[in-house]
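Asks: One structure coming up, written as structure tokens, with questions to follow.
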Amino acid sequence: MFRPDNALLAHVGEDTFYAFLAKEGPRLFRDEDFADLYGKRGRPSVPPSQMCVLLALQAMENVSDQESVDRTAYDLRWKVALGVELEEKLCAKSTLQLFRANLLLNERYLDLFETSVSACRRQGLGRSKQLEVAIDSTPVFGRGAVKDTYNLVSDAIRKVVKEACQLKGWEVDEVIAKQGLGRHFGSSFKGESDLDWSEREARRALLAQLVADARIALQLARKALRGYAKDSPKSRDLWELQDLLSRILAQDIDEEAEDGGGPQIRRGTARDRIVSTTDPEMRHGHKSESKGFEGYKASLVVDTSDGVIMATGVTPGNVSDGDNAAELIEAAGRAASSRIACVLGDTAYGGFDTRRQIESLGSEVVAKAPPLQSRPGTFKRDQFRVNEGRGEAKCPAGKRTKYRTKAPKGDGWVYVFSRNDCSPCPLRELCTTSRVRSRTITVTEESKELDRLRKHQRTKKFRRRYRKRVLVEHAFGRLRRLGVRQAKYFGAKKTAMQLAMAAMAANLSLLAVCPDFSCVVRVLLRWHATYTRSSHRPKAALQLALCRPHF
């Protein structure tokens, strides 16, 4: 009766997130649902229901493990949410870390997120029989240190040597001195190298020395791994580090350069390039041609009628947005126990293959088709008139093709203009950059479908439906304030758990304001969807105003 969650509930506020967890937490997160994570014998533990509430509070406040534990001791709002006595704290930091590790290893963190989706559906949110959802992704900056080739290889050498010595019980200092690898155990290999970095030959000489050291480290690893299988738990780390060093050498360094001057840095960037030894799963990513990042991509599926986050996913930064779209839509359908009738997405989800994958799940795709690709300053394919019945195409200069051939990929035709027409044409520079070949036009079933979609996306009907995609941007804005822009942990799996916990907190916050508010918001959003049919500018401002309070 006198615990803070009863005596001080009104003082904290009946309509706050903390009071909501105090009242609904025991029903949302039940101890028996996590019984399989605990043994039948052992010392008394903190109830998992309270640990789940603690994870929700941590995600909402975006604080560290130590700060979370401290707040259970001195923050009255957290005591109310957790039901902790005034003079007590919930647990030690290690208890929180162990519980999160158990959820991660057993992939049970998704249960917490799905619990938030189910709670929203019980309240009446996201319960349509045929849901309309929006999907998008945003960059997540990785936790690992990103370094250049010299320091990246040096870090991998150091890790391999240390792990080999630990596996075999060798003295690290003796191995370093004997093999001459001391330069890799300072603060920075590149920073401590005494050379003029403007001299190309000096840089190549240092790179050759670095490659030689890497070969020595790999030889030490092979010697240490003799007699150990790859699946042996004792040697697994060394096998992985050996593979990491080999991959870094292959991706960044050309050991047999054509000029015969020794190893040199490879030109260009490998598509799957490893950028960090502390987090090897991080990748180079781009959200636009001018903005790059190193880390991961976080993807969301959001219900456009109520703003409930239905599914989350994390992929390396170099993975295309549409690659995991079908998987996320399928997960959203399972979480909502409803059919996803319509999927709203940006251009990244409007490609032909991505559309087919999503449509195979029974969902309509409302997304902009990728723009036509052409060299800057040249005519695009849609500026040529194609008459399939006559089997010819007409260029902007009025010339017609002489013949056509079967397209090498897909069902379609390649229309070929005559070289005699293209060579003297005054518009040649605007048509093709080739000095020898004439212009060709390829028309396939895929290109015709995309052309039809590009024409449709200019209609008022498409723009009216597509405008509701803004809700996923609002959801990302909320999650960025909860800290998902920066990864807190190493690895894609832990980052996925961070995203899922933030999404869980965002979903629960929809229900925390007051029991009736979410219903009011739902009614207003549905009225807004009708209102947009006859207006233009006011709908964006109205939608933003409606979404802010409950997001």
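In the structure tokens, chains take the letters A, B, ... in the order shown, each chain's residues start at 1, and ligands count up from 1 in the order shown.
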Using backbone DSSP assignments, extract all helix (DSSP H, G or I) residues from segment 334-385 of chain A; output them as a ChimeraX atom specification.
Replies: /A:334-336,347-349,352-359,381-383
Asks: Could you list, as an NGL selection string, every residue within 8 Å of segment 465-477 of chain A, counting only C-alpha atoms and ignoring same-chain residues fewer than 2 positions away?
Replies: :A and (134-136 or 138 or 300-302 or 304 or 307 or 309 or 344-345 or 366-367 or 461-463 or 479-481 or 540 or 547-548 or 551)
Asks: Excluding segment 418-420 of chain A and any residue of its chain fewer than 3 positions from it, enumerate the residues within 9 Å of it, using only C-alpha atoms, and give them as a PyMOL selection string.
Replies: chain A and resi 399-403+423-425+436-439
Asks: Write the residues you've just listed into a file as a JSON list (two decimals), in the first residue's frame, and include N, CA and C atoms for each of them.
Replies:
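Okay, this is what ended up in selection-v2.json:
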[["chain", "number", "residue", "atom", "x", "y", "z"],
["A", 399, "LYS", "N", 14.80, 10.86, -86.83],
["A", 399, "LYS", "CA", 15.31, 9.67, -87.51],
["A", 399, "LYS", "C", 14.65, 8.42, -86.93],
["A", 400, "ARG", "N", 14.49, 7.41, -87.79],
["A", 400, "ARG", "CA", 13.86, 6.16, -87.37],
["A", 400, "ARG", "C", 14.87, 5.02, -87.40],
["A", 401, "THR", "N", 14.63, 4.04, -86.54],
["A", 401, "THR", "CA", 15.53, 2.89, -86.49],
["A", 401, "THR", "C", 15.39, 2.04, -87.74],
["A", 402, "LYS", "N", 16.47, 1.34, -88.08],
["A", 402, "LYS", "CA", 16.47, 0.47, -89.27],
["A", 402, "LYS", "C", 16.05, -0.96, -88.94],
["A", 403, "TYR", "N", 16.37, -1.40, -87.72],
["A", 403, "TYR", "CA", 16.01, -2.77, -87.33],
["A", 403, "TYR", "C", 16.01, -2.86, -85.81],
["A", 423, "SER", "N", 25.95, 9.59, -87.23],
["A", 423, "SER", "CA", 27.25, 10.25, -87.37],
["A", 423, "SER", "C", 27.14, 11.72, -87.74],
["A", 424, "PRO", "N", 26.35, 12.12, -88.77],
["A", 424, "PRO", "CA", 26.28, 13.53, -89.12],
["A", 424, "PRO", "C", 25.23, 14.33, -88.36],
["A", 425, "CYS", "N", 24.53, 13.68, -87.42],
["A", 425, "CYS", "CA", 23.42, 14.34, -86.72],
["A", 425, "CYS", "C", 23.94, 15.49, -85.86],
["A", 436, "VAL", "N", 31.94, 5.70, -82.07],
["A", 436, "VAL", "CA", 31.86, 4.68, -83.11],
["A", 436, "VAL", "C", 30.43, 4.16, -83.28],
["A", 437, "ARG", "N", 29.79, 3.83, -82.18],
["A", 437, "ARG", "CA", 28.49, 3.19, -82.26],
["A", 437, "ARG", "C", 27.36, 4.21, -82.37],
["A", 438, "SER", "N", 26.24, 3.76, -82.89],
["A", 438, "SER", "CA", 25.05, 4.59, -82.95],
["A", 438, "SER", "C", 24.20, 4.38, -81.70],
["A", 439, "ARG", "N", 23.15, 5.16, -81.54],
["A", 439, "ARG", "CA", 22.30, 5.09, -80.36],
["A", 439, "ARG", "C", 21.37, 3.88, -80.45]]
Asks: Pick the closest to Glu330 of chain A from A:Gly191, A:Met282, A:Val133, A:Gln179: which is it, counting only C-alpha atoms?
Replies: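 Of the candidates, the smallest distance to Glu330 of chain A is held by A:Val133.
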Asks: If we count only C-alpha atoms and set the cut-off at 12 Å, which residues sit around Glu85 of chain A, ignoring sequence neighbours fewer than 4 positions away in its own chain? Please answer as a PyMOL selection string.
Replies: chain A and resi 1-8+72-81+89-90
Asks: Excluding Glu174 of chain A and its own-chain neighbours fewer than 5 positions away, which residues fall within 12 Å of it when counting only C-alpha atoms? Please give them as JSON, numbers by chain.
Replies: {"A": [161, 162, 165, 169, 179, 180, 181, 182]}
Asks: Write the selection just made, keeping N, CA, C and O atoms, as a tab-separated table (two decimals), in the first residue's frame?
Replies:
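Once written, out02.tsv looks like this:
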chain	number	residue	atom	x	y	z
A	161	VAL	N	48.04	-11.47	-33.08
A	161	VAL	CA	49.18	-11.86	-32.25
A	161	VAL	C	48.75	-12.09	-30.81
A	161	VAL	O	49.13	-13.09	-30.18
A	162	LYS	N	47.95	-11.19	-30.26
A	162	LYS	CA	47.50	-11.34	-28.87
A	162	LYS	C	46.66	-12.59	-28.68
A	162	LYS	O	46.83	-13.32	-27.70
A	165	CYS	N	48.86	-15.76	-28.85
A	165	CYS	CA	49.63	-15.94	-27.61
A	165	CYS	C	48.74	-16.42	-26.47
A	165	CYS	O	49.15	-17.27	-25.66
A	169	GLY	N	49.48	-19.86	-24.79
A	169	GLY	CA	50.19	-19.55	-23.56
A	169	GLY	C	51.57	-18.95	-23.78
A	169	GLY	O	52.43	-19.03	-22.90
A	179	GLN	N	59.73	-11.53	-33.33
A	179	GLN	CA	59.20	-11.35	-34.69
A	179	GLN	C	59.33	-9.91	-35.19
A	179	GLN	O	59.03	-9.64	-36.36
A	180	GLY	N	59.76	-8.99	-34.33
A	180	GLY	CA	59.91	-7.60	-34.75
A	180	GLY	C	58.60	-6.90	-35.04
A	180	GLY	O	58.50	-6.12	-36.00
A	181	LEU	N	57.59	-7.14	-34.21
A	181	LEU	CA	56.26	-6.57	-34.43
A	181	LEU	C	55.92	-5.48	-33.43
A	181	LEU	O	54.75	-5.13	-33.26
A	182	GLY	N	56.92	-4.91	-32.76
A	182	GLY	CA	56.66	-3.92	-31.72
A	182	GLY	C	55.98	-2.67	-32.23
A	182	GLY	O	55.27	-2.00	-31.46
Asks: Considering only C-alpha atoms, return as a list in words whatever protein or nucleic-acid residues lie within 7 Å of segment 144-147 of chain A, sequence-local ones (same chain, fewer than 4 positions apart) excluded.
Replies: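 In the requested format, the answer is Asn151, Leu152, Val275, Ser276, Thr278, Asp279 and Phe490 of chain A.
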Asks: Those residues you just picked out, can you put them in a file as a PDB file, in the first residue's frame with N, CA, C and O atoms?
Replies:
ATOM      1  N   ASN A 151      46.430   1.833 -40.406  1.00  0.00           N
ATOM      2  CA  ASN A 151      46.069   1.525 -39.028  1.00  0.00           C
ATOM      3  C   ASN A 151      45.099   0.353 -38.941  1.00  0.00           C
ATOM      4  O   ASN A 151      45.089  -0.380 -37.948  1.00  0.00           O
ATOM      5  N   LEU A 152      44.286   0.161 -39.985  1.00  0.00           N
ATOM      6  CA  LEU A 152      43.338  -0.958 -39.979  1.00  0.00           C
ATOM      7  C   LEU A 152      44.085  -2.291 -40.015  1.00  0.00           C
ATOM      8  O   LEU A 152      43.793  -3.210 -39.232  1.00  0.00           O
ATOM      9  N   VAL A 275      35.542  -1.680 -42.493  1.00  0.00           N
ATOM     10  CA  VAL A 275      36.035  -0.345 -42.130  1.00  0.00           C
ATOM     11  C   VAL A 275      36.527  -0.268 -40.701  1.00  0.00           C
ATOM     12  O   VAL A 275      37.107   0.752 -40.298  1.00  0.00           O
ATOM     13  N   SER A 276      36.315  -1.319 -39.902  1.00  0.00           N
ATOM     14  CA  SER A 276      36.693  -1.276 -38.487  1.00  0.00           C
ATOM     15  C   SER A 276      37.025  -2.682 -38.009  1.00  0.00           C
ATOM     16  O   SER A 276      36.334  -3.647 -38.362  1.00  0.00           O
ATOM     17  N   THR A 278      37.207  -3.247 -34.654  1.00  0.00           N
ATOM     18  CA  THR A 278      36.435  -3.400 -33.421  1.00  0.00           C
ATOM     19  C   THR A 278      34.988  -3.795 -33.701  1.00  0.00           C
ATOM     20  O   THR A 278      34.332  -4.411 -32.859  1.00  0.00           O
ATOM     21  N   ASP A 279      34.478  -3.435 -34.876  1.00  0.00           N
ATOM     22  CA  ASP A 279      33.151  -3.856 -35.304  1.00  0.00           C
ATOM     23  C   ASP A 279      33.214  -4.228 -36.784  1.00  0.00           C
ATOM     24  O   ASP A 279      32.898  -3.419 -37.665  1.00  0.00           O
ATOM     25  N   PHE A 490      28.615  -2.895 -30.251  1.00  0.00           N
ATOM     26  CA  PHE A 490      29.278  -3.420 -31.437  1.00  0.00           C
ATOM     27  C   PHE A 490      28.429  -4.543 -32.031  1.00  0.00           C
ATOM     28  O   PHE A 490      27.913  -5.391 -31.308  1.00  0.00           O
TER      29      PHE A 490
END
Asks: Taking 4 positions as the minimum chain separation for residues in the same chain, which residues sit within 8 Å of Tyr296 of chain A when counting only C-alpha atoms? Answer as a list in words.
Replies: Pro139, Val140, Phe141, Gly142, Met282, Arg283, Gly285, Val314, Thr315, Pro316, Gly317, Asn318 and Ala492 of chain A
Asks: When distances are computed from only C-alpha atoms, which of A:Ala164, A:Gly260, A:Arg71, A:Leu238 shows the smallest separation from Leu86 of chain A?
Replies: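 Under the stated criterion, the closest residue is A:Arg71.
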Asks: Tell me which of A:Leu54, A:Ala35, A:Leu110, A:Val319 sits closest to Asp70 of chain A, counting only C-alpha atoms.
Replies: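 Among the listed residues, the smallest separation from Asp70 of chain A belongs to A:Leu54.
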Asks: Using only C-alpha atoms, which residue out of A:Ala224, A:Thr95, A:Gly351, A:Gly292 lies closest to Pro44 of chain A?
Replies: A:Thr95
